[in-house]
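Okay, structure first, notes after.
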Amino acid sequence: MTVSVTDPPGADAPLATGSGARPPGRGRLARRLRAKAVIPVAGGFLALLVLVAAAAPLVAPFDPATGDLLHPSQLPSGAHWLGTDSLGRDVLSRLIYGARVALLAALVAVGVAVALGLPLGLVLGYRGGWADRVVLRAAEGINAMPFLLVAITLIAVLGPGLFKSMAVVGLVYAVMVLRLVRGEVLAAREELYVTGAAVTGASTARILWRHILPNIAPSLIVQVTTMFATSIVAEATLSYLGLGTQPPEASWGNMLADAQQSAFSQWFLAVPSGVAILVTVLAFNLLGDGIRDAFSREDTGNVLDARGATVAAPAREQDDDEPAPAADDALVVVRGLSVSFPVPGQRGAWTPAVTDVSFSIGRGKVVGLVGESGSGKSVTAMALAGLVPSPGRVGARSITFDGRELAGADAESMRALRAGSLGVVFQDPLKALNPAFTIGTQLTEGLRVVHGMSTRDARREAVEWLDRVRIPGAAARLRQYPHEFSGGMAQRVMIAMALSSRPTLLIADEPTTALDVTVQGEILDLLRELQAESGLSLLIITHDQGVVADLAETMLVMYAGQLVESGRVADVLGNPRHPYTAGLVASVPRNRRRTGPLPRIGGVVPAADEWGPGCRFRARCPFATDECATGPVPLRRVAGGSSRCVRTGEGLAFADPAVWLR
Amino acid sequence: MLSEEEAGVLRMVLTRISLVVPLVVVVSTAAYFLGALSPVDPAESVLGPDPTQAQIDAVHAQMGLDRPITTQFLEWASGVLRGDLGSSLFSHEPVTTMLARALPVTLSLTMGGLVISLLLGIPAGIWSALRAGRLGDRVTTGAVTFWQAVPNFWLALLLILFFAVHLGWFPAVGYTPMSEGLGEWLRSIALPSLALGMSAGAVVARQTRSALIGVLQQEYVRTAMAQGLSRRRIVLKYGLKNAGVPVVTVVAFEVAGLFGGSIVVERMFSMRGFGTLAIDAVLRRDPDVIQGVIVVAAAVMLLVQLVLDLSYAWLNPKVRLS
């Protein structure tokens, strides 16, 4: 296998620590538009088409309406590049004049649509009220009717003819523009800056023009582009039916109608006008797609394609102490776990989320994993479960679970692991449960499909589990949907679901963060009880040290993708050996008297590209010295644990609240 | 006694009807009066070129067009309430008979197009979504974008030329009613259905792709993964039901689009369906026929909307109770 420079690190290269990764660039729109190759190609073609159509009398080799009756229905030749039709008229010339008709017709339809739909949509969306409701209902009704039928009905009133027909098409499109604009305005109106402008007394017209219109421009531009495409088809359709361009004037639609008349004798006539419509419509659609993609990048990664950890090379960028050997009966031993994600919009650039993390979880033990948002603690836990969404890459020197090596395991082994030995409880139970299925279906699915129980046994087991997590009326609740559960009750369901396969390790990823304070305690009590009862190991991820102090025996502290401190909970919380841990402890309100300002860690967790070569915490650290910036800080073993700080052991009072009062 | 769920569904159906019926009344009334303003005079198509005013007046009197427009409308409206949609000015055939003959043609093509669009669109969309951003997805999406741009009546012409004229596998023109044999009926609607269904299928494929991509990023998919369910089961059981709502919405729009599209395609295949009826009526101004077409089309769309609402309720349990 050849490894090119654009290959993502992971399989055989140690993960970069930000040096190779660029921040997700918020490039200027023009650059993003140019970056899409399809935009200049499609746009260029359309520009050329407009030019040719405008210069039709100069470009067309023959008059489109007068034919040479002596040479009808000819195949392409030197004189007639696309042949002649049944009346001996030059097909190429008719095609060029047809382009004129098509573009002009599309312009009329789109012009009418925007001229009527945009202002009406802006005003209705901004003002709301009964007029909005009435118009919206009517608009929905009109859009629900077959478009062509509505157009034909209206043409019945105006009579056939190209411009009248296209004005009618524009009228129907105006309804679509109105609905789009109204919806976008409703959304934009809630935005803070719009509310702000309204509060400062800007006029409605000014707010609509200056603040709302630019906001809705992208989707409007995309819709207008697609509307050009459908207008071209509409013109051709109506002209084909005899309701649009009237013969002998050339239009792609009535050229097709002519072609059909003589199709049995001369099939080639069906080709030029059809291809003309196809290519023009395609160009408009591609342009629209390109513009849309430039405005909003589609996020295509998903957890379905999650892969387990690959075996990463043993080389380590930091000169960490070898972690204390895990106890013989450790359930999980992780060595050198790294996770990285691709930088959006930059091929081959990867940004690290977790770098070189090692820890172990004892059998029947509870380990707490703490850190602020963005510290990489959830990613670490998901990597252990093989649930890092693709295209994220996970690498590790070694991950053993109950003696089995998981680094290098395929997706199927990771699935089998999750089906049996490993359960996960997620942060927001109402999002983690599928809204379209009953609790019973979701709870029994794993038991039936993975563990091969009969439906009846699975239901009985599910009821037992709901009883065990203390959900009253279990049998009836199985028939209910997630939205009929409160957050706390739903989290009990999640716990039941995770435990029903009788795992040996339960990962609880912030299990109480999304819940009301009043039910947090209940869920924690339940977890503690079930853990003690079944003797499973528990990895609990939280940003709440209270939870750790309550449940865990050992704890890990993560910062900016690194492990910065570990040890027994009492040691770490009582006598932090890393300034970050100390800052976390000092900033918990209940540890302090309630007077004066609260101690806190200033600033935020830096993004990967701001990590720099030295200690990743130094910018926020009151104890930082020049030495902290010089190079990677290794994780050093300290009594009963480890700490990643050059000043550990200097006897500094890291945890003094006064230090953090800045 | 109805259960809470049944009551919810019933309420939804009644709401839908209460919204659409007034709309149909308003639209058909407006169309009637606006139709009177049309520059097309039915008398012209009876009399041929350059008639005298006396001739025109005579024809008007014969057709009843000399009476005030309100009188004409009231007569038509009272007829509608009795189930009589009037008759053609030209053939004097009752509109109900004309519609009863035309509707099966158009509905056959609409349904045929729908079946083809779903058979093509949903698997293509799933296939694409599962490879999102990779080569297979880009190739499929490219093909879908191309198909979407193929005008259905041009495709119809190409299909006729190749499969009917060149190979002779299918009839080039004409509709065979189902009563004359299922096989013959299928043969007669195969090509027009294909012509209609291809570009509609492209739209379905796009929507299925983006809906499924969105669903696969939801947290409940991670939960299903955490349970150790297989990829196949997660996509086919969980993913598709959740992705169903946006797909059903676009399908409902497609039905309206196919219904309209069949107007053109049936012309291509010389079938006397709804479109031929509507276009002839528009070109000659045959008011009762135009009205009949509008009312019946609205009724068909109402039905589509009802089916749509019911499938929403099945796909998304939250809708049922609200």
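As shown in the structure tokens, the chain order sets the letters A, B, ...; within each chain, residues go from 1, and ligands are also counted from 1 in the order they appear.
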
Q: Would you give me, as a PyMOL selection string, the residues of chain B that come within 6 Å of chain A, using only C-alpha atoms?
A: chain B and resi 34-35+38+132+149-150+154+216-217+219-220+223+226-228+256-257+260+282+316

Q. Could you write out, as a ChimeraX atom specification, all the residues of region 315-494 of chain A that DSSP marks as alpha helix (DSSP H)?
A. /A:377-385,411-420,429-432,439-445,455-468,474-477,487-494

Q: Quick one: everything within 9 Å of Ala205 (chain B), counting only C-alpha atoms, minus sequence neighbours fewer than 5 positions away in the same chain. Send it as a PyMOL selection string.
A: chain B and resi 117-118+120-126+128+141+144+200+210+247

Q) Neighbours of region 234-241 of chain B within 7 Å (only C-alpha atoms; same-chain residues fewer than 6 positions away dropped), as a list in words? A) Leu212, Val215, Leu216, Ala224 and Leu315 of chain B

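Pairwise distance (CA of Val659 (chain A), CA of Asp550 (chain A)) equals 26.6 Å.
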
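Distance-wise, CA of Gly83 (chain B) and CA of Pro104 (chain B) end up 19.2 Å apart.
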
Q.
Neighbouring residues of Ser199 (chain B) were defined as those with any atom within 6 Å, considering only C-alpha atoms; residues of the same chain fewer than 2 positions away were excluded. Please report them as a PyMOL selection string.
A. chain B and resi 147-148+197+201-202

Only C-alpha atoms, please: the residues just picked out, written as a PDB file, in the first residue's frame.
```pdb
ATOM      1  CA  TRP B 147     -32.301  12.202 -15.039  1.00  0.00           C
ATOM      2  CA  GLN B 148     -34.032  15.049 -13.326  1.00  0.00           C
ATOM      3  CA  GLY B 197     -41.607   8.093 -13.461  1.00  0.00           C
ATOM      4  CA  GLY B 201     -37.873   9.125  -9.383  1.00  0.00           C
ATOM      5  CA  ALA B 202     -34.878  11.449  -9.489  1.00  0.00           C
TER       6      ALA B 202
END
```

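The list of residues with at least one atom within 10 Å of Leu180 (chain A), based on only C-alpha atoms and without residues fewer than 6 positions apart in the same chain, reads A:Gly117, A:Leu118, A:Gly121, A:Leu122, A:Gly125, A:Ala174, A:Ile216, A:Ser219, A:Leu220, A:Gln223.
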
For the contact check between region 7-99 of chain B and region 291-310 of chain B, emit one row per residue of region 7-99 of chain B within 12 Å, containing the shortest atom pair and the distance in Å rounded to one decimal, counting only C-alpha atoms, chain then rising number order, as JSON lines.
```
{"residue": "B:Gly8", "atom": "CA", "partner": "B:Leu310", "partner_atom": "CA", "distance": 10.5}
{"residue": "B:Val9", "atom": "CA", "partner": "B:Leu310", "partner_atom": "CA", "distance": 7.2}
{"residue": "B:Leu10", "atom": "CA", "partner": "B:Leu310", "partner_atom": "CA", "distance": 9.7}
{"residue": "B:Arg11", "atom": "CA", "partner": "B:Asp309", "partner_atom": "CA", "distance": 11.1}
{"residue": "B:Met12", "atom": "CA", "partner": "B:Asp309", "partner_atom": "CA", "distance": 7.5}
{"residue": "B:Val13", "atom": "CA", "partner": "B:Leu306", "partner_atom": "CA", "distance": 6.4}
{"residue": "B:Leu14", "atom": "CA", "partner": "B:Leu306", "partner_atom": "CA", "distance": 9.6}
{"residue": "B:Thr15", "atom": "CA", "partner": "B:Leu306", "partner_atom": "CA", "distance": 10.0}
{"residue": "B:Arg16", "atom": "CA", "partner": "B:Leu306", "partner_atom": "CA", "distance": 7.1}
{"residue": "B:Ile17", "atom": "CA", "partner": "B:Leu302", "partner_atom": "CA", "distance": 7.5}
{"residue": "B:Ser18", "atom": "CA", "partner": "B:Leu302", "partner_atom": "CA", "distance": 10.7}
{"residue": "B:Leu19", "atom": "CA", "partner": "B:Leu302", "partner_atom": "CA", "distance": 9.7}
{"residue": "B:Val20", "atom": "CA", "partner": "B:Leu302", "partner_atom": "CA", "distance": 6.8}
{"residue": "B:Val21", "atom": "CA", "partner": "B:Leu302", "partner_atom": "CA", "distance": 8.7}
{"residue": "B:Pro22", "atom": "CA", "partner": "B:Ala298", "partner_atom": "CA", "distance": 11.1}
{"residue": "B:Leu23", "atom": "CA", "partner": "B:Ala298", "partner_atom": "CA", "distance": 9.0}
{"residue": "B:Val24", "atom": "CA", "partner": "B:Ala298", "partner_atom": "CA", "distance": 6.5}
{"residue": "B:Val25", "atom": "CA", "partner": "B:Val295", "partner_atom": "CA", "distance": 8.5}
{"residue": "B:Val26", "atom": "CA", "partner": "B:Val295", "partner_atom": "CA", "distance": 10.7}
{"residue": "B:Val27", "atom": "CA", "partner": "B:Ile294", "partner_atom": "CA", "distance": 8.3}
{"residue": "B:Ser28", "atom": "CA", "partner": "B:Gln291", "partner_atom": "CA", "distance": 6.3}
{"residue": "B:Thr29", "atom": "CA", "partner": "B:Gln291", "partner_atom": "CA", "distance": 8.8}
{"residue": "B:Ala30", "atom": "CA", "partner": "B:Gln291", "partner_atom": "CA", "distance": 10.2}
{"residue": "B:Ala31", "atom": "CA", "partner": "B:Gln291", "partner_atom": "CA", "distance": 7.4}
{"residue": "B:Tyr32", "atom": "CA", "partner": "B:Gln291", "partner_atom": "CA", "distance": 7.1}
{"residue": "B:Phe33", "atom": "CA", "partner": "B:Gln291", "partner_atom": "CA", "distance": 10.8}
{"residue": "B:Leu34", "atom": "CA", "partner": "B:Gln291", "partner_atom": "CA", "distance": 11.5}
{"residue": "B:Gly35", "atom": "CA", "partner": "B:Gln291", "partner_atom": "CA", "distance": 9.6}
{"residue": "B:Phe73", "atom": "CA", "partner": "B:Gln291", "partner_atom": "CA", "distance": 10.7}
{"residue": "B:Trp76", "atom": "CA", "partner": "B:Gln291", "partner_atom": "CA", "distance": 9.4}
{"residue": "B:Ala77", "atom": "CA", "partner": "B:Gln291", "partner_atom": "CA", "distance": 10.2}
{"residue": "B:Gly79", "atom": "CA", "partner": "B:Gly292", "partner_atom": "CA", "distance": 11.6}
{"residue": "B:Val80", "atom": "CA", "partner": "B:Gly292", "partner_atom": "CA", "distance": 9.2}
{"residue": "B:Gly83", "atom": "CA", "partner": "B:Gly292", "partner_atom": "CA", "distance": 11.0}
{"residue": "B:Asp84", "atom": "CA", "partner": "B:Gly292", "partner_atom": "CA", "distance": 9.8}
{"residue": "B:Leu85", "atom": "CA", "partner": "B:Gly292", "partner_atom": "CA", "distance": 6.2}
{"residue": "B:Gly86", "atom": "CA", "partner": "B:Gly292", "partner_atom": "CA", "distance": 8.3}
{"residue": "B:Ser87", "atom": "CA", "partner": "B:Gly292", "partner_atom": "CA", "distance": 9.4}
{"residue": "B:Ser88", "atom": "CA", "partner": "B:Gly292", "partner_atom": "CA", "distance": 10.2}
{"residue": "B:Pro94", "atom": "CA", "partner": "B:Gly292", "partner_atom": "CA", "distance": 10.2}
{"residue": "B:Val95", "atom": "CA", "partner": "B:Gly292", "partner_atom": "CA", "distance": 6.6}
{"residue": "B:Thr96", "atom": "CA", "partner": "B:Gly292", "partner_atom": "CA", "distance": 7.7}
{"residue": "B:Thr97", "atom": "CA", "partner": "B:Gly292", "partner_atom": "CA", "distance": 10.6}
{"residue": "B:Met98", "atom": "CA", "partner": "B:Gly292", "partner_atom": "CA", "distance": 9.3}
{"residue": "B:Leu99", "atom": "CA", "partner": "B:Val293", "partner_atom": "CA", "distance": 7.4}
```

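Picture a line from CA of Val354 (chain A) to CA of Gln562 (chain A); it runs 6.2 Å.
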